[in-house]
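Before any comments, here is the structure.
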Amino acid sequence: MILGKVVGTVWATRKDEKLQSMKFLIVRHVDFDYKLKDNFLVAVDSVGAGAGEIVLVAQGSSARLTELTHQKPIDSVIMAIVDKLDIESDWNKD
Amino acid sequence: MILGKVVGTVWATRKDEKLQSMKFLIVRHVDFDYKLKDNFLVAVDSVGAGAGEIVLVAQGSSARLTELTHQKPIDSVIMAIVDKLDIESDWNKD
Amino acid sequence: MILGKVVGTVWATRKDEKLQSMKFLIVRHVDFDYKLKDNFLVAVDSVGAGAGEIVLVAQGSSARLTELTHQKPIDSVIMAIVDKLDIESDWNKD
Amino acid sequence: MILGKVVGTVWATRKDEKLQSMKFLIVRHVDFDYKLKDNFLVAVDSVGAGAGEIVLVAQGSSARLTELTHQKPIDSVIMAIVDKLDIESDWNKD
Amino acid sequence: MILGKVVGTVWATRKDEKLQSMKFLIVRHVDFDYKLKDNFLVAVDSVGAGAGEIVLVAQGSSARLTELTHQKPIDSVIMAIVDKLDIESDWNKD
């Protein structure tokens, strides 16, 4: 999964009929210290994530394995909201 | 999903027989402000997207989950046309 | 799908038994103007593509959805030969 | 599979209900000499990996093929802990 | 598929139980002239590839479609050993 931060919402009225009522959020990749990176993706929210929250995004066919996204034409889902990271500083260095 | 802009069409008469009548569009990646990036992909249109429109593209096996693309040998589908983005400027900064 | 140009052939006599009689082609990524990029991949040909032709390549599980590649251990297939691209120059700029 | 090093843990109480009791680890990519690279991912641990260990991570639908991760909305799993690498120095050069 | 060169072996005694007896090889990406690139991956060998050999690697769910890797939690498999490449020099230039 990738670690990201919710920074916005996508509004799309014309879409596949199986996607009604889904919330599409803009997630920017972040580093360990939650610093924003340049790249981002759009993911369906399955856990009630809000702007500013750090989340995990599952991609590919796995994105369809939440109750909300089953059999839907989407490839990215937010499946967890991160409380905190424990970085083992002894190991996170060369 | 990736955020992109439709900038053209691909014409291909010799193709897998399951792909007849599909429309292949050229989608360039864009940033939050719809600024074009260098990379692009070719996606099947399932929602009637036109040139200049901002769209969402689903990739991988998920691209086959629209009615049009079911069981077809394609890996990218336009499944939504974007009306607008709401960027939370408080969060979209370091 | 990615847009590419066929630039060569891979010869491999020792391979998975399900891959007999398949043709493996070397496809370099190209830009809108068919200019060659540095990256390339090896794809199975399912449409009779020849050297120098511009093609579309489907990747992942979708590569197995042609008659030829069904259930085979391959992840890239040429499923269309491109006749031409129509780039909408009004939209393909910032 | 990618080669990585476990450098931390992700805590997430709000997540898809199928993900209870799973351990999410932060894995940084490493080179042959276990030197840390910049990129990282979050993977479910299925083999009891601990901080500082070198591991293999399987991604995509394959990540769901351990007993623990079956049918779960996750796209990366640690499925092996590396004891050592044998690099053939004669071949690992130009 | 990607084109690579086998440069080493991964030893891992603690791994998913479905992975016993599999051989994990280190494969570095190569260019047309077999020049080594920086990136590499770890792949299961299904065709008896040895150090120094040029191989094709299939990734994603397709990696599970050899007899050896069926239903296993692995995402990359060597499914062919390359004898030679025929590059069409007329086409492999701008």
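Numbering starts fresh at 1 for the residues of each chain in the structure tokens, the chains themselves are lettered A, B, ... in the order given, and ligands are numbered from 1 as they appear.
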
Could you give me the residues within region 3-94 of chain C that DSSP places in strand (DSSP E), as number ranges by chain? C: 3-11, 14-15, 24-30, 36-45, 54-59, 76-81, 84-87

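Within the 12 Å cut-off around Lys37 (chain B), using only C-alpha atoms and omitting residues fewer than 2 positions from it on the same chain, the listed residues are A:Asn39, B:Ile2, B:Leu3, B:Gly4, B:Lys5, B:Val7, B:Val27, B:Arg28, B:His29, B:Val30, B:Asp31, B:Phe32, B:Asp33, B:Tyr34, B:Lys35, B:Asn39, B:Phe40, B:Leu41, C:Asn92, C:Lys93, C:Asp94.
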
Give me, as number ranges by chain, the residues of chain E touching chain D, with the criterion being at most 10 Å (counting only C-alpha atoms). E: 5-19, 24-28, 34-44, 51-53, 59-64, 71-77

Taking the chain letters and numbering used in this document, name the residues of region 11-82 of chain C that DSSP puts in helix (DSSP H, G or I), as JSON, numbers by chain. {"C": [17, 18, 19, 60, 61, 62, 63, 64]}

Selected residues written out, C-alpha atoms, as a PDB file, in the first residue's frame:
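selection.pdb, written as the output of this step:
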ATOM      1  CA  GLU C  17       5.465 -25.167 -22.450  1.00  0.00           C
ATOM      2  CA  LYS C  18       2.299 -23.085 -22.795  1.00  0.00           C
ATOM      3  CA  LEU C  19       4.277 -20.495 -24.748  1.00  0.00           C
ATOM      4  CA  GLY C  60      -1.375  -7.194 -16.704  1.00  0.00           C
ATOM      5  CA  SER C  61      -4.197  -9.724 -16.558  1.00  0.00           C
ATOM      6  CA  SER C  62      -5.790  -8.006 -19.563  1.00  0.00           C
ATOM      7  CA  ALA C  63      -2.921  -9.302 -21.687  1.00  0.00           C
ATOM      8  CA  ARG C  64      -4.389 -12.770 -21.273  1.00  0.00           C
TER       9      ARG C  64
END

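One finds CA of His70 (chain A) at 22.0 Å from CA of Ser21 (chain D).
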
Suppose you want the space between CA of Gly50 (chain E) and CA of Leu68 (chain E); what is it in Å? 17.1 Å
